[in-house]
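File shown: model_15.cif. Contents: mmCIF, C-alpha atoms and all ligand atoms.
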data_query
loop_
_atom_site.label_atom_id
_atom_site.label_comp_id
_atom_site.auth_asym_id
_atom_site.auth_seq_id
_atom_site.Cartn_x
_atom_site.Cartn_y
_atom_site.Cartn_z
CA LYS A 1 0.00 0.00 0.00
CA PRO A 2 1.26 3.53 -0.74
CA PHE A 3 1.40 4.76 2.87
CA LYS A 4 2.45 3.05 6.06
CA ARG A 5 0.26 5.25 8.20
CA LEU A 6 -2.38 7.76 7.09
CA LEU A 7 -4.02 10.01 9.69
CA LEU A 8 -7.67 11.06 9.36
CA THR A 9 -8.85 13.74 11.78
CA GLY A 10 -12.57 14.34 12.24
CA ALA A 11 -13.10 10.59 11.91
CA ALA A 12 -16.35 10.63 13.94
CA GLY A 13 -17.91 13.29 11.70
CA GLY A 14 -20.23 13.01 8.73
CA LEU A 15 -17.44 12.89 6.15
CA GLY A 16 -15.04 11.10 8.48
CA LYS A 17 -17.40 8.12 8.72
CA ILE A 18 -17.64 7.92 4.93
CA LEU A 19 -13.89 8.25 4.46
CA ARG A 20 -13.08 5.69 7.12
CA GLU A 21 -14.65 3.06 4.85
CA ARG A 22 -13.00 4.33 1.69
CA ILE A 23 -9.36 5.15 2.47
CA GLN A 24 -8.27 1.75 3.79
CA PRO A 25 -6.64 0.74 0.46
CA TRP A 26 -4.24 3.67 0.70
CA ALA A 27 -2.38 2.71 3.91
CA ASP A 28 -1.27 -0.28 5.98
CA VAL A 29 -2.65 1.56 8.98
CA VAL A 30 -5.29 4.30 9.05
CA ARG A 31 -5.05 6.30 12.27
CA LEU A 32 -8.45 7.76 13.12
CA SER A 33 -8.81 10.69 15.45
CA ASP A 34 -11.62 12.83 16.82
CA ILE A 35 -12.70 14.43 20.06
CA GLY A 36 -15.87 12.32 19.78
CA ASP A 37 -16.44 8.59 19.98
CA MET A 38 -15.24 6.57 16.99
CA GLY A 39 -16.08 3.09 18.25
CA ALA A 40 -13.51 0.32 18.26
CA ALA A 41 -10.62 0.04 15.81
CA CYS A 42 -11.15 -2.46 12.99
CA GLU A 43 -8.30 -4.35 11.36
CA GLY A 44 -5.79 -1.91 9.88
CA GLU A 45 -7.01 0.94 12.08
CA GLU A 46 -5.79 2.81 15.13
CA VAL A 47 -8.20 4.97 17.10
CA VAL A 48 -6.86 7.97 19.02
CA GLN A 49 -9.40 10.18 20.79
CA CYS A 50 -8.03 13.68 21.38
CA ASP A 51 -8.83 17.37 21.27
CA LEU A 52 -7.08 19.20 18.44
CA ALA A 53 -6.64 22.13 20.82
CA ASP A 54 -4.44 19.96 23.08
CA LYS A 55 -0.97 20.64 21.70
CA ALA A 56 0.79 17.79 23.50
CA ALA A 57 -1.85 15.28 22.44
CA VAL A 58 -1.66 16.43 18.81
CA PHE A 59 2.13 16.17 18.89
CA LYS A 60 1.77 12.50 19.86
CA LEU A 61 -1.00 11.99 17.32
CA LEU A 62 1.32 12.84 14.40
CA GLU A 63 4.06 10.42 15.42
CA GLY A 64 4.79 7.86 12.71
CA VAL A 65 2.36 9.43 10.23
CA ASP A 66 3.17 9.73 6.48
CA ALA A 67 0.27 11.95 5.42
CA VAL A 68 -2.81 13.60 6.91
CA LEU A 69 -6.40 14.13 5.87
CA HIS A 70 -7.34 17.00 8.20
CA PHE A 71 -11.14 16.93 8.48
CA GLY A 72 -11.47 17.58 12.22
CA GLY A 73 -12.84 20.80 13.63
CA ILE A 74 -15.99 22.84 13.92
CA SER A 75 -17.85 22.59 10.63
CA THR A 76 -20.46 25.36 10.86
CA GLU A 77 -20.72 28.83 12.41
CA ASN A 78 -20.06 28.94 16.14
CA THR A 79 -18.66 31.24 18.83
CA PHE A 80 -15.24 32.73 18.24
CA GLU A 81 -13.90 30.94 21.33
CA ASN A 82 -14.96 27.52 20.07
CA ILE A 83 -13.68 28.19 16.56
CA MET A 84 -10.45 29.56 17.96
CA ALA A 85 -9.75 26.36 19.92
CA ALA A 86 -10.77 23.71 17.38
CA ASN A 87 -9.99 25.33 14.03
CA ILE A 88 -7.31 27.94 14.69
CA ALA A 89 -5.26 26.48 17.55
CA GLY A 90 -6.15 22.97 16.35
CA THR A 91 -4.88 23.49 12.82
CA TYR A 92 -1.74 25.22 14.10
CA ASN A 93 -1.07 22.30 16.46
CA LEU A 94 -1.53 19.87 13.59
CA TYR A 95 0.92 21.67 11.26
CA GLU A 96 3.54 22.24 13.93
CA ALA A 97 3.41 18.56 14.92
CA ALA A 98 3.45 17.50 11.25
CA HIS A 99 6.57 19.59 10.71
CA LYS A 100 8.33 18.24 13.80
CA HIS A 101 7.57 14.66 12.75
CA GLY A 102 8.60 15.17 9.11
CA VAL A 103 5.15 14.59 7.62
CA LYS A 104 5.30 15.31 3.89
CA ARG A 105 1.71 16.05 2.89
CA VAL A 106 -1.60 17.26 4.27
CA VAL A 107 -5.00 17.55 2.69
CA PHE A 108 -6.85 20.32 4.51
CA ALA A 109 -10.65 20.21 4.48
CA SER A 110 -11.24 23.86 3.68
CA SER A 111 -14.59 25.25 2.67
CA ASN A 112 -16.57 27.25 0.15
CA HIS A 113 -17.20 29.58 3.10
CA THR A 114 -13.68 31.01 2.53
CA ILE A 115 -15.23 32.71 -0.50
CA GLY A 116 -18.89 32.91 0.53
CA TYR A 117 -19.15 36.67 0.01
CA TYR A 118 -18.76 36.31 -3.76
CA LYS A 119 -22.06 36.59 -5.54
CA THR A 120 -23.77 33.64 -7.13
CA THR A 121 -23.34 35.50 -10.43
CA ASP A 122 -19.51 35.56 -9.98
CA TYR A 123 -17.13 32.98 -11.45
CA ILE A 124 -13.93 32.72 -9.46
CA ASP A 125 -10.74 30.69 -9.30
CA ALA A 126 -8.04 29.85 -6.76
CA ASP A 127 -6.41 33.28 -7.18
CA SER A 128 -9.55 35.24 -6.35
CA PRO A 129 -9.04 36.93 -2.96
CA MET A 130 -10.67 35.16 -0.04
CA ARG A 131 -14.01 36.60 1.07
CA PRO A 132 -15.12 34.60 4.10
CA ASP A 133 -18.78 34.73 5.05
CA SER A 134 -18.56 33.74 8.72
CA LEU A 135 -16.09 33.31 11.57
CA TYR A 136 -16.05 29.67 10.51
CA GLY A 137 -15.02 30.79 7.01
CA VAL A 138 -12.33 33.04 8.51
CA SER A 139 -10.92 30.03 10.37
CA LYS A 140 -10.68 28.12 7.10
CA CYS A 141 -8.88 31.12 5.53
CA PHE A 142 -6.47 30.88 8.46
CA GLY A 143 -5.89 27.20 7.70
CA GLU A 144 -5.20 28.00 4.06
CA SER A 145 -2.73 30.75 4.98
CA LEU A 146 -1.10 28.63 7.66
CA SER A 147 -0.60 25.76 5.24
CA ARG A 148 0.87 28.18 2.68
CA TYR A 149 3.30 29.42 5.34
CA TYR A 150 4.31 25.89 6.34
CA TYR A 151 4.87 25.02 2.68
CA ASP A 152 7.05 28.06 2.05
CA ARG A 153 8.91 27.69 5.33
CA THR A 154 9.22 23.92 5.76
CA GLY A 155 8.18 22.28 2.49
CA ILE A 156 5.13 20.40 3.81
CA GLU A 157 2.84 20.13 0.80
CA THR A 158 -0.87 20.84 1.21
CA VAL A 159 -3.93 20.62 -0.95
CA CYS A 160 -6.62 22.90 0.46
CA LEU A 161 -9.87 21.31 -0.63
CA ARG A 162 -12.61 23.95 -0.59
CA ILE A 163 -15.47 21.53 -0.14
CA GLY A 164 -18.82 22.67 -1.51
CA SER A 165 -21.60 20.50 -0.08
CA SER A 166 -20.62 16.88 0.39
CA PHE A 167 -23.79 14.97 1.18
CA PRO A 168 -25.55 11.95 -0.36
CA GLU A 169 -27.52 14.26 -2.64
CA PRO A 170 -28.43 17.96 -3.00
CA VAL A 171 -31.17 18.94 -0.53
CA ASN A 172 -31.81 22.51 -1.78
CA PRO A 173 -31.37 24.55 -4.96
CA ARG A 174 -28.02 25.98 -3.85
CA MET A 175 -26.62 22.47 -3.58
CA LEU A 176 -27.37 21.92 -7.25
CA VAL A 177 -24.32 24.18 -7.73
CA THR A 178 -22.20 23.20 -4.72
CA TRP A 179 -22.84 19.45 -4.48
CA PHE A 180 -19.78 17.20 -4.12
CA SER A 181 -20.61 13.51 -4.36
CA TYR A 182 -18.81 11.16 -2.00
CA ASP A 183 -17.23 9.37 -4.97
CA ASP A 184 -15.87 12.65 -6.31
CA LEU A 185 -14.67 13.62 -2.83
CA VAL A 186 -12.73 10.37 -2.50
CA GLU A 187 -11.29 10.78 -6.01
CA SER A 188 -10.16 14.35 -5.19
CA LEU A 189 -8.40 13.05 -2.08
CA ARG A 190 -6.71 10.34 -4.13
CA CYS A 191 -5.44 12.99 -6.56
CA ALA A 192 -4.37 15.25 -3.67
CA LEU A 193 -2.44 12.48 -1.93
CA PHE A 194 -0.82 10.77 -4.92
CA THR A 195 0.04 13.51 -7.41
CA PRO A 196 3.86 13.54 -7.13
CA ARG A 197 4.19 17.30 -6.53
CA VAL A 198 1.37 19.52 -5.33
CA GLY A 199 3.23 22.31 -3.54
CA HIS A 200 0.42 24.37 -2.09
CA THR A 201 -2.73 23.93 -4.17
CA ILE A 202 -6.26 25.19 -3.73
CA LEU A 203 -8.90 22.90 -5.21
CA PHE A 204 -12.63 23.61 -5.26
CA GLY A 205 -14.46 20.48 -4.19
CA ALA A 206 -17.55 20.13 -6.32
CA SER A 207 -18.94 17.62 -8.77
CA ALA A 208 -19.36 18.54 -12.46
CA ASN A 209 -22.53 20.52 -11.74
CA PRO A 210 -24.32 22.79 -14.22
CA GLY A 211 -23.82 26.50 -13.55
CA SER A 212 -20.69 26.12 -11.43
CA TRP A 213 -19.26 29.24 -9.74
CA TRP A 214 -15.74 27.79 -9.54
CA ASP A 215 -12.94 27.41 -12.07
CA ASN A 216 -10.47 24.67 -11.08
CA SER A 217 -7.97 25.33 -13.87
CA LYS A 218 -5.27 26.48 -11.38
CA ALA A 219 -5.36 22.98 -9.87
CA ALA A 220 -5.17 21.18 -13.23
CA HIS A 221 -1.89 19.51 -12.22
CA LEU A 222 -3.87 17.33 -9.78
CA GLY A 223 -5.68 15.72 -12.71
CA PHE A 224 -8.94 15.68 -10.75
CA LYS A 225 -11.96 15.08 -13.01
CA PRO A 226 -15.30 14.84 -11.22
CA LYS A 227 -17.53 12.04 -12.54
CA ASP A 228 -20.86 12.98 -10.96
CA SER A 229 -23.21 15.88 -11.63
CA SER A 230 -26.15 17.35 -9.73
CA ALA A 231 -28.08 17.42 -13.04
CA GLN A 232 -29.64 14.07 -12.12
CA PHE A 233 -31.33 15.79 -9.13
CA ALA A 234 -32.51 18.98 -10.87
CA ALA A 235 -36.06 17.67 -11.13
CA ASN A 236 -36.24 17.60 -7.31
CA PHE A 237 -36.17 21.42 -7.34
CA PRO A 238 -38.57 22.56 -10.05
CA GLU A 239 -38.57 26.15 -8.71
CA SER A 240 -34.83 26.55 -9.19
CA GLY A 241 -34.72 27.07 -12.95
CA ALA A 242 -33.66 30.68 -12.50
CA TYR A 243 -31.34 30.21 -9.54
CA PRO A 244 -30.64 32.53 -7.79
CA PRO A 245 -34.36 33.17 -7.82
CA LYS A 246 -34.88 35.55 -4.92
CA ASP A 247 -33.57 38.87 -3.77
CA ASP A 248 -32.21 37.75 -0.40
CA VAL A 249 -28.70 37.34 0.98
CA ALA A 250 -28.88 33.56 1.01
CA THR A 251 -29.29 33.44 -2.76
CA ILE A 252 -27.28 36.54 -3.70
CA TYR A 253 -24.08 35.22 -2.12
CA GLN A 254 -22.26 31.96 -2.73
CA GLY A 255 -22.15 31.19 1.00
CA GLY A 256 -25.94 30.76 1.07
CA GLY A 257 -27.45 30.32 4.52
CA PHE A 258 -24.12 31.02 6.24
CA LEU A 259 -24.70 34.69 5.43
CA MET A 260 -27.50 34.62 7.98
CA SER A 261 -26.00 32.21 10.49
CA GLY A 262 -23.86 32.83 13.50
CA PRO A 263 -24.11 34.12 17.01
CA GLN A 264 -23.84 37.76 15.92
CA TYR A 265 -27.27 37.54 14.27
CA LYS A 266 -28.97 35.91 17.24
CA ASP A 267 -28.21 38.63 19.80
P1 LIG A 301 -18.65 17.19 11.13
O1 LIG A 301 -18.98 18.33 12.05
O2 LIG A 301 -19.65 16.10 10.97
O3 LIG A 301 -17.26 16.53 11.57
C1 LIG A 301 -16.22 17.25 12.16
C2 LIG A 301 -15.61 16.38 13.25
O4 LIG A 301 -14.57 17.14 13.89
C3 LIG A 301 -16.62 15.96 14.33
O5 LIG A 301 -16.66 14.56 14.46
C4 LIG A 301 -16.11 16.64 15.58
O6 LIG A 301 -16.28 15.85 16.76
C5 LIG A 301 -14.63 16.83 15.26
N1 LIG A 301 -14.08 17.93 16.09
C6 LIG A 301 -14.66 19.14 16.35
N2 LIG A 301 -13.88 19.83 17.20
C7 LIG A 301 -12.81 19.06 17.49
C8 LIG A 301 -11.68 19.22 18.33
N3 LIG A 301 -11.49 20.34 19.07
N4 LIG A 301 -10.78 18.22 18.38
C9 LIG A 301 -10.95 17.09 17.66
N5 LIG A 301 -12.02 16.86 16.86
C10 LIG A 301 -12.93 17.85 16.78
O7 LIG A 301 -18.30 17.86 9.72
P2 LIG A 301 -18.17 17.16 8.28
O8 LIG A 301 -19.35 17.53 7.48
O9 LIG A 301 -17.80 15.73 8.42
O10 LIG A 301 -16.94 17.98 7.69
C11 LIG A 301 -15.60 17.53 7.83
C12 LIG A 301 -14.65 18.67 7.47
O11 LIG A 301 -14.94 19.14 6.16
C13 LIG A 301 -14.79 19.87 8.41
O12 LIG A 301 -13.51 20.44 8.61
C14 LIG A 301 -15.65 20.83 7.63
O13 LIG A 301 -15.40 22.18 7.99
C15 LIG A 301 -15.24 20.53 6.19
N6 LIG A 301 -16.31 20.83 5.24
C16 LIG A 301 -17.36 19.98 5.08
C17 LIG A 301 -18.37 20.27 4.17
C18 LIG A 301 -19.47 19.30 3.89
O14 LIG A 301 -20.14 19.48 2.87
N7 LIG A 301 -19.70 18.27 4.69
C19 LIG A 301 -18.35 21.54 3.41
C20 LIG A 301 -17.19 22.35 3.65
C21 LIG A 301 -16.21 21.99 4.53
#
Mind converting the file's structure to structure tokens?
Ligand code: NAI
Amino acid sequence: KPFKRLLLTGAAGGLGKILRERIQPWADVVRLSDIGDMGAACEGEEVVQCDLADKAAVFKLLEGVDAVLHFGGISTENTFENIMAANIAGTYNLYEAAHKHGVKRVVFASSNHTIGYYKTTDYIDADSPMRPDSLYGVSKCFGESLSRYYYDRTGIETVCLRIGSSFPEPVNPRMLVTWFSYDDLVESLRCALFTPRVGHTILFGASANPGSWWDNSKAAHLGFKPKDSSAQFAANFPESGAYPPKDDVATIYQGGGFLMSGPQYKD
């Protein structure tokens, strides 16, 4: 197998559970980590429960690891304090430990919410300036900048995967644009892990959906070609022919509902 030991953080999460099943062929041992319960280790697995904000624990977590799929952290809007611990301190702890242990490559689960303040009429690429739509999005911008810094300073390679909406199928009109099938997600991770040189690459994680907002040409060297398309689900949303249909922030901006989420709107 290509790797001796591959670390997956966020293994108890929605995507972590899917990936746990799918990444086994890539490593002799998959080390699974989360702050939450992951159940018992199966054959070829190691289970390490820890908080990403715990620097000493994360240092130990990276020992003996060849590559990392960093999916752990807070995945929607939350308080600054919670985001600070899990996503900002947590991602720093992960990179510093990866550097100290000589890890060569990380795939960072970034988000479309790094660019959520672009309009749904905009078409952007990896060089478009970040425009986060939430404190959550800001924390993902931090992870992208941090990984750029660690690449320039230490040579750790990272693919920042700006995941759109990775769910079994689109559940609203916006997801007809942002949907990322699980098969395409796994294929993007395969490309991110096994392309010989990736340097620091930003890849938008979406299937081949009609009306995409994102141009992946700057990540062409990864050779990622999505196979799925949301077109097969379009009939589920008959009202969405003229998306964005309404004059409200959730349809004007790419970040959708995140434009209206967050503690600052609930006060
Ligand atoms: P999720 O919320 O289901 O999973 C995240 C996992 O991280 C959880 O199991 C949680 O316990 C763990 N976690 C949270 N704080 C932690 C801490 N301090 N220490 C250790 N573990 C901690 O989210 P999901 O959907 O599985 O997403 C995985 C990653 O992909 C996240 O980083 C998320 O931001 C990113 N992402 C996912 C998208 C999607 O469509 N599912 C879209 C954009 C980004």
Atom CA of A:Trp214 and atom CA of A:Asp122 are how many Å apart?
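Spanning atom CA of A:Trp214 to atom CA of A:Asp122 is a straight-line distance of 8.6 Å.
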Tell me, in Å to one decimal, how far atom CA of A:Asp248 is from atom C14 of ligand LIG 301 (chain A).
25.0 Å
Using all atoms listed in the file, find each residue of chain A with at least one atom at most 8 Å away from an atom of ligand LIG 301 (chain A); report its shortest atom-to-atom pair and that distance in Å (one decimal), sort the rows by chain and rising residue number, and return the result as JSON lines.
{"residue": "A:Thr9", "atom": "CA", "partner": "A:LIG301", "partner_atom": "N5", "distance": 6.8}
{"residue": "A:Gly10", "atom": "CA", "partner": "A:LIG301", "partner_atom": "C2", "distance": 3.8}
{"residue": "A:Ala11", "atom": "CA", "partner": "A:LIG301", "partner_atom": "O5", "distance": 5.9}
{"residue": "A:Ala12", "atom": "CA", "partner": "A:LIG301", "partner_atom": "O5", "distance": 4.0}
{"residue": "A:Gly13", "atom": "CA", "partner": "A:LIG301", "partner_atom": "O5", "distance": 3.3}
{"residue": "A:Gly14", "atom": "CA", "partner": "A:LIG301", "partner_atom": "O9", "distance": 3.7}
{"residue": "A:Leu15", "atom": "CA", "partner": "A:LIG301", "partner_atom": "O9", "distance": 3.7}
{"residue": "A:Gly16", "atom": "CA", "partner": "A:LIG301", "partner_atom": "O9", "distance": 5.4}
{"residue": "A:Lys17", "atom": "CA", "partner": "A:LIG301", "partner_atom": "O9", "distance": 7.6}
{"residue": "A:Ser33", "atom": "CA", "partner": "A:LIG301", "partner_atom": "N5", "distance": 7.1}
{"residue": "A:Asp34", "atom": "CA", "partner": "A:LIG301", "partner_atom": "N5", "distance": 4.0}
{"residue": "A:Ile35", "atom": "CA", "partner": "A:LIG301", "partner_atom": "C9", "distance": 4.0}
{"residue": "A:Gly36", "atom": "CA", "partner": "A:LIG301", "partner_atom": "O6", "distance": 4.7}
{"residue": "A:Asp37", "atom": "CA", "partner": "A:LIG301", "partner_atom": "O6", "distance": 7.9}
{"residue": "A:Gln49", "atom": "CA", "partner": "A:LIG301", "partner_atom": "C9", "distance": 7.7}
{"residue": "A:Cys50", "atom": "CA", "partner": "A:LIG301", "partner_atom": "C9", "distance": 5.8}
{"residue": "A:Asp51", "atom": "CA", "partner": "A:LIG301", "partner_atom": "N4", "distance": 3.6}
{"residue": "A:Leu52", "atom": "CA", "partner": "A:LIG301", "partner_atom": "N4", "distance": 3.8}
{"residue": "A:Ala53", "atom": "CA", "partner": "A:LIG301", "partner_atom": "N3", "distance": 5.5}
{"residue": "A:His70", "atom": "CA", "partner": "A:LIG301", "partner_atom": "O12", "distance": 7.1}
{"residue": "A:Phe71", "atom": "CA", "partner": "A:LIG301", "partner_atom": "C12", "distance": 4.0}
{"residue": "A:Gly72", "atom": "CA", "partner": "A:LIG301", "partner_atom": "O4", "distance": 3.5}
{"residue": "A:Gly73", "atom": "CA", "partner": "A:LIG301", "partner_atom": "C6", "distance": 3.7}
{"residue": "A:Ile74", "atom": "CA", "partner": "A:LIG301", "partner_atom": "C6", "distance": 4.6}
{"residue": "A:Ser75", "atom": "CA", "partner": "A:LIG301", "partner_atom": "O13", "distance": 3.6}
{"residue": "A:Thr76", "atom": "CA", "partner": "A:LIG301", "partner_atom": "O13", "distance": 6.6}
{"residue": "A:Ala85", "atom": "CA", "partner": "A:LIG301", "partner_atom": "N3", "distance": 6.3}
{"residue": "A:Ala86", "atom": "CA", "partner": "A:LIG301", "partner_atom": "N3", "distance": 3.8}
{"residue": "A:Asn87", "atom": "CA", "partner": "A:LIG301", "partner_atom": "N3", "distance": 7.2}
{"residue": "A:Gly90", "atom": "CA", "partner": "A:LIG301", "partner_atom": "N3", "distance": 6.5}
{"residue": "A:Phe108", "atom": "CA", "partner": "A:LIG301", "partner_atom": "O12", "distance": 7.8}
{"residue": "A:Ala109", "atom": "CA", "partner": "A:LIG301", "partner_atom": "O11", "distance": 4.7}
{"residue": "A:Ser110", "atom": "CA", "partner": "A:LIG301", "partner_atom": "C21", "distance": 5.4}
{"residue": "A:Ser111", "atom": "CA", "partner": "A:LIG301", "partner_atom": "C20", "distance": 4.0}
{"residue": "A:Asn112", "atom": "CA", "partner": "A:LIG301", "partner_atom": "C20", "distance": 6.1}
{"residue": "A:His113", "atom": "CA", "partner": "A:LIG301", "partner_atom": "C20", "distance": 7.3}
{"residue": "A:Tyr136", "atom": "CA", "partner": "A:LIG301", "partner_atom": "O13", "distance": 7.9}
{"residue": "A:Lys140", "atom": "CA", "partner": "A:LIG301", "partner_atom": "O13", "distance": 7.6}
{"residue": "A:Arg162", "atom": "CA", "partner": "A:LIG301", "partner_atom": "C20", "distance": 6.4}
{"residue": "A:Ile163", "atom": "CA", "partner": "A:LIG301", "partner_atom": "C20", "distance": 4.2}
{"residue": "A:Gly164", "atom": "CA", "partner": "A:LIG301", "partner_atom": "C19", "distance": 5.1}
{"residue": "A:Ser165", "atom": "CA", "partner": "A:LIG301", "partner_atom": "O14", "distance": 3.4}
{"residue": "A:Ser166", "atom": "CA", "partner": "A:LIG301", "partner_atom": "O14", "distance": 3.6}
{"residue": "A:Phe167", "atom": "CA", "partner": "A:LIG301", "partner_atom": "O14", "distance": 6.0}
{"residue": "A:Trp179", "atom": "CA", "partner": "A:LIG301", "partner_atom": "O14", "distance": 7.8}
{"residue": "A:Phe180", "atom": "CA", "partner": "A:LIG301", "partner_atom": "O14", "distance": 7.4}
Neighbour list for A:Met130 as a ChimeraX atom specification, cut-off 9 Å, all atoms listed in the file, skip fewer than 3 positions in-chain
/A:114-118,126-127,138,141
Which residues, written as a PyMOL selection string, have at least one atom at most 12 Å from A:Pro2, with all atoms listed in the file counted and residues fewer than 6 positions away on the same chain left out?
chain A and resi 23-30+66-67+190+193-194
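Minimum atom-to-atom distance to A:Pro210, evaluated using all atoms listed in the file, belongs to A:Val177 out of A:Val177, A:Val198, A:Ala235, A:Met38.
Here the question is which of A:His99, A:Lys55, A:Arg31, A:Lys119 gets nearest to A:Ala250 using only C-alpha atoms, and that residue is A:Lys119.
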From the list A:Val106, A:Leu185, A:Leu222, A:Cys191, the nearest residue to A:Tyr151 using only C-alpha atoms is A:Val106
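Taking atom CA of A:Leu61 and atom CA of A:Tyr92 as endpoints, the distance between them is 13.6 Å.
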With all atoms listed in the file as the atoms that count, which of A:Tyr95, A:Phe80, A:Tyr182, A:Phe224 lies nearest to A:Leu62?
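Smallest distance to A:Leu62 is found for A:Tyr95.
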Find, counting only C-alpha atoms, the residue in A:Gly155, A:Pro226, A:Gly143, A:Gly102 that gets nearest to A:Gly64.
A:Gly102
Need the shell around A:Thr120: protein/DNA/RNA residues with any atom at most 10 Å away, counting all atoms listed in the file. Skip same-chain ones fewer than 5 positions apart. Format as a PyMOL selection string?
chain A and resi 174+177+211-213+243-244+250-256
Nearest to A:Glu77, chosen from A:Leu7, A:Ile156, A:Pro132, A:Ser147, with only C-alpha atoms counted in the distances
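Going through A:Leu7, A:Ile156, A:Pro132, A:Ser147 one by one, the smallest distance to A:Glu77 is for A:Pro132.
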With all atoms listed in the file as the counted atoms, please give the residues lying no more than 10 Å from A:Asp125, apart from itself and same-chain residues fewer than 6 positions off, as an MDAnalysis selection string.
chainID A and resid 202:204 213:219
